[in-house]
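Student: One structure, as structure tokens, below. Some questions next.
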Amino acid sequence: MPKSLAFCGGGKDSLVSMKLLEEIEESYSSLGYSHSLYGQASHQHQLIDDLVKHCSTKSHHHLTVLDEFLSSPIPESIPNTDVKSVKSSETFSALFEALPIALKYGYTQLILGHERCSDKGNLLWSVNDEYINHKWVKTIEAQSILNSYIKQNLISNISYFSFLMPIHDTLIFQSLTRYIGAVPFTHSCNLRKPWCLRCPKCCYVWLGYSAYLPQATVHATFGEKNLLDVEENQTFFIELLGLADQTPFESVGEVDEVQLAFALCRSKGIKGKAMSVFEDKVAVDVFDTQKMNIIDKYTKVYGDNAGIPQPLGDQVLTKLKEFSVESHRAITKAFTA
């Protein structure tokens, strides 16, 4: 009988993935992973542990990745290169580091929380008109390649997949209303844990929480600062809205999803400098005329080629379609109330 191990980095996607397992009554354990690029492992694991306490995991494992690249001679040995920072690719490192744990405890299903917009690039390379996807490792293509490699060369009975690949962030944000008590224990910042409040990722998640969740939950998660009014964040919101050459090199949703979140915030009476930009440059001419099409697209479940093995696949898709109906109704109601 397959045994499931849910990866947990502490964010909203991890929370929804674990709760989905509970919704379909699938027993699972969890794996919290930290990376040295993000600071002290103990602090990262404590944040994740606090979130996992709100889930029904059978057991919880800690995985710590120590990356010494910057302190090695390698950066200095590269001519004409001034390496100032390195971005971690947790999926690769955490996946392969988790294999000994899977072998020891008999886990055969490794479950992550990568969602549908991971498949879309965010920078058009003018040299050959090719889209560059900095989060390619989270795509269905990468998932398939990694799955094949592990099965053919390492462990034949392990499957690696994401529960959230059939849906967009819009549906994930809205589904968090089911788990309000756990939301304040999520964190997603890649600069300073739990939140720096001055980066594209913080701006994006704050915007999504503000759009779909009660204000009290937003304040419990981030504090009471209105990030739309923070001067340092204006460039990030402009990029997120699709008003710059590219969207941020971060794990954020698509432009239409961001505009939908802005519109929902506007319907709640949330104001700020970035909201004025949305109202002046996006709302009337772009978003308002396509609103219902955007809602339909981003609350839809895309069940084709999700890579989820059976019988889990059918169970998960059934539950996600239930989320879809509820979310479409709730979002539409927000604009007609």
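Simple scheme: letters A, B, ... for chains in structure tokens order, numbers from 1 for residues in each chain, numbers from 1 for ligands in the order shown.
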Set out as JSON lines a contact list for region 19-59 of chain A and region 91-97 of chain A with a cut-off of 10 Å, giving each residue of region 19-59 of chain A that qualifies its closest atom pair and distance in Å to one decimal, counting only C-alpha atoms, ordered by chain and rising residue number.
Tutor:
```
{"residue": "A:Leu31", "atom": "CA", "partner": "A:Ala94", "partner_atom": "CA", "distance": 9.4}
{"residue": "A:Gly32", "atom": "CA", "partner": "A:Ala94", "partner_atom": "CA", "distance": 9.5}
{"residue": "A:Tyr33", "atom": "CA", "partner": "A:Ala94", "partner_atom": "CA", "distance": 6.8}
{"residue": "A:Ser34", "atom": "CA", "partner": "A:Ala94", "partner_atom": "CA", "distance": 8.7}
{"residue": "A:His35", "atom": "CA", "partner": "A:Ala94", "partner_atom": "CA", "distance": 9.0}
```
Student: Within 6 Å of region 286-300 of chain A, counting only C-alpha atoms, which residues show up once you throw out same-chain ones fewer than 2 positions away? Write them as a list in words, please.
Tutor: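 Final neighbour list, sorted by chain and number: His168, Thr170, Leu171, Val282, Ala283, Val284, Ser324 and His328 of chain A.
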Student: May I have the selected residues written with N, CA and C atoms, as a PDB file, in the first residue's frame?
Tutor:
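Ended up saving to part.pdb:
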```pdb
ATOM      1  N   HIS A 168      -4.832  26.988 -10.420  1.00  0.00           N
ATOM      2  CA  HIS A 168      -4.073  28.226 -10.296  1.00  0.00           C
ATOM      3  C   HIS A 168      -4.108  28.740  -8.854  1.00  0.00           C
ATOM      4  N   THR A 170      -5.344  31.426  -7.718  1.00  0.00           N
ATOM      5  CA  THR A 170      -6.643  31.986  -7.337  1.00  0.00           C
ATOM      6  C   THR A 170      -7.452  30.983  -6.525  1.00  0.00           C
ATOM      7  N   LEU A 171      -7.486  29.752  -6.997  1.00  0.00           N
ATOM      8  CA  LEU A 171      -8.233  28.703  -6.308  1.00  0.00           C
ATOM      9  C   LEU A 171      -7.579  28.340  -4.974  1.00  0.00           C
ATOM     10  N   VAL A 282      -5.315  50.015 -15.228  1.00  0.00           N
ATOM     11  CA  VAL A 282      -5.720  48.632 -15.499  1.00  0.00           C
ATOM     12  C   VAL A 282      -7.227  48.437 -15.422  1.00  0.00           C
ATOM     13  N   ALA A 283      -7.840  48.912 -14.365  1.00  0.00           N
ATOM     14  CA  ALA A 283      -9.213  48.517 -14.027  1.00  0.00           C
ATOM     15  C   ALA A 283     -10.207  48.717 -15.166  1.00  0.00           C
ATOM     16  N   VAL A 284     -10.379  49.944 -15.608  1.00  0.00           N
ATOM     17  CA  VAL A 284     -11.440  50.240 -16.574  1.00  0.00           C
ATOM     18  C   VAL A 284     -11.107  49.722 -17.965  1.00  0.00           C
ATOM     19  N   SER A 324     -13.525  24.391  -6.727  1.00  0.00           N
ATOM     20  CA  SER A 324     -13.743  25.258  -7.883  1.00  0.00           C
ATOM     21  C   SER A 324     -15.133  25.871  -7.874  1.00  0.00           C
ATOM     22  N   HIS A 328     -15.692  29.882  -7.404  1.00  0.00           N
ATOM     23  CA  HIS A 328     -16.324  30.672  -8.466  1.00  0.00           C
ATOM     24  C   HIS A 328     -17.532  31.423  -7.916  1.00  0.00           C
TER      25      HIS A 328
END
```
Student: With a distance cut-off of 10 Å and only C-alpha atoms, select the neighbouring residues of region 15-22 of chain A, excluding the residue or stretch itself and same-chain residues fewer than 6 positions from it, and output the selection as a VMD selection string.
Tutor: chain A and resid 4 to 9 28 to 30 51 to 52 54 to 57 111 to 114 162 to 164 172 to 173 175 to 176 178 to 179 182 to 183 185 to 186 312 315 to 316 319 to 320
Student: Considering only C-alpha atoms, return as a list in words whatever protein or nucleic-acid residues lie within 12 Å of Ala306 (chain A), sequence-local ones (same chain, fewer than 6 positions apart) excluded.
Tutor: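 Contacts, with the query itself left out: His114, Glu115, Arg116, Asp119, Thr139, Ile140, Glu141, Gln143, Ser144, Tyr160, Phe161, Ser162, Phe163, Leu164, Met165, Pro166, Ile167, Leu312, Gly313, Asp314, Val316 and Leu317 of chain A.
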Student: Select, from A:Pro2, A:Gly208, A:Gln174, A:Pro200, the residue with the minimum atom-to-atom distance to Arg329 (chain A), counting only C-alpha atoms.
Tutor: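 Under the stated criterion, the closest residue is A:Gln174.
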Student: Quick check, in Å to one decimal: how far apart do CA of Phe237 (chain A) and CA of Cys203 (chain A) lie?
Tutor: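 We find that CA of Phe237 (chain A) and CA of Cys203 (chain A) lie 7.2 Å from each other.
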Student: Go through A:Leu227, A:Ile270, A:Leu66, A:Ala102 and flag the residue nearest Ile158 (chain A), using only C-alpha atoms for the distances.
Tutor: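 Closest to Ile158 (chain A), using only C-alpha atoms: A:Ala102.
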Student: Could you please write out, as a list in words, every residue of region 114-279 of chain A that DSSP assigns to strand (DSSP E)?
Tutor: Leu123, Leu124, Trp125, Glu130, Tyr131, Ile132, Ser159, Tyr160, Phe161 and Ser162 of chain A
Student: Taking N, CA and C atoms for each residue, export the selection above as a short mmCIF file (atom, residue, chain, number, x, y, z; two decimals), in the first residue's frame.
Tutor:
```cif
data_model
loop_
_atom_site.label_atom_id
_atom_site.label_comp_id
_atom_site.auth_asym_id
_atom_site.auth_seq_id
_atom_site.Cartn_x
_atom_site.Cartn_y
_atom_site.Cartn_z
N LEU A 123 9.71 35.83 -18.58
CA LEU A 123 10.60 36.76 -19.28
C LEU A 123 10.76 36.30 -20.72
N LEU A 124 10.43 37.17 -21.66
CA LEU A 124 10.60 36.85 -23.07
C LEU A 124 12.01 37.26 -23.50
N TRP A 125 12.82 36.30 -23.89
CA TRP A 125 14.20 36.55 -24.31
C TRP A 125 14.17 37.03 -25.76
N GLU A 130 12.05 33.40 -26.97
CA GLU A 130 11.77 32.25 -26.10
C GLU A 130 11.48 32.74 -24.69
N TYR A 131 10.45 32.16 -24.08
CA TYR A 131 10.14 32.53 -22.70
C TYR A 131 11.08 31.81 -21.73
N ILE A 132 11.62 32.58 -20.78
CA ILE A 132 12.48 32.03 -19.75
C ILE A 132 11.64 31.82 -18.49
N SER A 159 6.93 7.59 -6.57
CA SER A 159 6.29 8.57 -7.45
C SER A 159 6.42 9.96 -6.84
N TYR A 160 6.70 10.94 -7.68
CA TYR A 160 6.89 12.33 -7.25
C TYR A 160 5.91 13.19 -8.04
N PHE A 161 5.07 13.95 -7.35
CA PHE A 161 4.04 14.70 -8.05
C PHE A 161 3.51 15.83 -7.17
N SER A 162 2.70 16.69 -7.79
CA SER A 162 2.09 17.81 -7.07
C SER A 162 0.58 17.70 -7.13
#
```
Student: Can you pull out the residues contacting Pro194 (chain A)? Cut-off 10 Å, using only C-alpha atoms, and skip same-chain residues under 2 positions away; I want them as a PyMOL selection string.
Tutor: chain A and resi 10-11+43-44+47-48+185-192+196-197+202+221-222
Student: May I have the selected residues written with C-alpha atoms, as an mmCIF file, in the first residue's frame?
Tutor:
```cif
data_model
loop_
_atom_site.group_PDB
_atom_site.id
_atom_site.type_symbol
_atom_site.label_atom_id
_atom_site.label_comp_id
_atom_site.auth_asym_id
_atom_site.auth_seq_id
_atom_site.Cartn_x
_atom_site.Cartn_y
_atom_site.Cartn_z
ATOM 1 C CA GLY A 10 5.764 26.463 5.318
ATOM 2 C CA GLY A 11 3.746 28.295 2.669
ATOM 3 C CA HIS A 43 14.303 29.125 13.060
ATOM 4 C CA GLN A 44 13.048 27.797 9.734
ATOM 5 C CA LEU A 47 8.150 28.158 11.715
ATOM 6 C CA ILE A 48 7.281 25.027 9.742
ATOM 7 C CA PHE A 185 1.326 30.299 10.575
ATOM 8 C CA THR A 186 2.240 30.246 6.879
ATOM 9 C CA HIS A 187 5.328 32.015 5.542
ATOM 10 C CA SER A 188 6.741 32.408 2.036
ATOM 11 C CA CYS A 189 9.444 35.085 1.968
ATOM 12 C CA ASN A 190 12.707 34.076 0.281
ATOM 13 C CA LEU A 191 14.705 36.899 1.869
ATOM 14 C CA ARG A 192 13.854 36.872 5.566
ATOM 15 C CA CYS A 196 10.334 40.870 5.015
ATOM 16 C CA LEU A 197 7.334 42.839 3.608
ATOM 17 C CA CYS A 202 5.683 39.212 0.222
ATOM 18 C CA THR A 221 -0.152 36.954 9.400
ATOM 19 C CA PHE A 222 1.643 40.144 8.322
#
```
Student: Output as a ChimeraX atom specification all residues of region 267-323 of chain A that backbone DSSP marks as alpha helix (DSSP H).
Tutor: /A:267,273-278,288-298,312-323
Student: Mind checking which residues fall within 10 Å of Asp229 (chain A), counting only C-alpha atoms, ignoring those fewer than 4 positions away in the same chain, and posting them as an MDAnalysis selection string?
Tutor: chainID A and resid 225 233:234 271:276
Student: Could you write those residues out with N, CA and C atoms, as an mmCIF file, in the first residue's frame?
Tutor:
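out29.cif was written with the following content:
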```
data_model
loop_
_atom_site.group_PDB
_atom_site.id
_atom_site.type_symbol
_atom_site.label_atom_id
_atom_site.label_comp_id
_atom_site.auth_asym_id
_atom_site.auth_seq_id
_atom_site.Cartn_x
_atom_site.Cartn_y
_atom_site.Cartn_z
ATOM 1 N N LYS A 225 0.400 46.744 8.542
ATOM 2 C CA LYS A 225 0.917 47.641 7.509
ATOM 3 C C LYS A 225 0.254 47.367 6.163
ATOM 4 N N ASN A 233 7.782 49.147 -2.334
ATOM 5 C CA ASN A 233 7.059 48.053 -2.985
ATOM 6 C C ASN A 233 6.376 48.448 -4.289
ATOM 7 N N GLN A 234 6.411 49.720 -4.646
ATOM 8 C CA GLN A 234 5.654 50.166 -5.820
ATOM 9 C C GLN A 234 6.133 49.497 -7.103
ATOM 10 N N LYS A 271 -7.315 50.659 -0.052
ATOM 11 C CA LYS A 271 -6.717 51.710 -0.862
ATOM 12 C C LYS A 271 -5.205 51.718 -0.692
ATOM 13 N N GLY A 272 -4.541 52.589 -1.466
ATOM 14 C CA GLY A 272 -3.100 52.717 -1.382
ATOM 15 C C GLY A 272 -2.525 53.176 -2.709
ATOM 16 N N LYS A 273 -1.237 53.503 -2.726
ATOM 17 C CA LYS A 273 -0.592 54.001 -3.945
ATOM 18 C C LYS A 273 -0.709 53.002 -5.092
ATOM 19 N N ALA A 274 -0.431 51.746 -4.806
ATOM 20 C CA ALA A 274 -0.496 50.736 -5.862
ATOM 21 C C ALA A 274 -1.927 50.527 -6.346
ATOM 22 N N MET A 275 -2.898 50.685 -5.463
ATOM 23 C CA MET A 275 -4.300 50.569 -5.870
ATOM 24 C C MET A 275 -4.669 51.684 -6.838
ATOM 25 N N SER A 276 -4.117 52.862 -6.623
ATOM 26 C CA SER A 276 -4.370 53.977 -7.543
ATOM 27 C C SER A 276 -3.824 53.664 -8.930
#
```
Student: From the set A:Ser210, A:Leu228, A:Trp195, A:Tyr105, which residue has the shortest atom-to-atom contact distance to His60 (chain A), counting only C-alpha atoms?
Tutor: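 Nearest candidate to His60 (chain A) out of A:Ser210, A:Leu228, A:Trp195, A:Tyr105: A:Tyr105.
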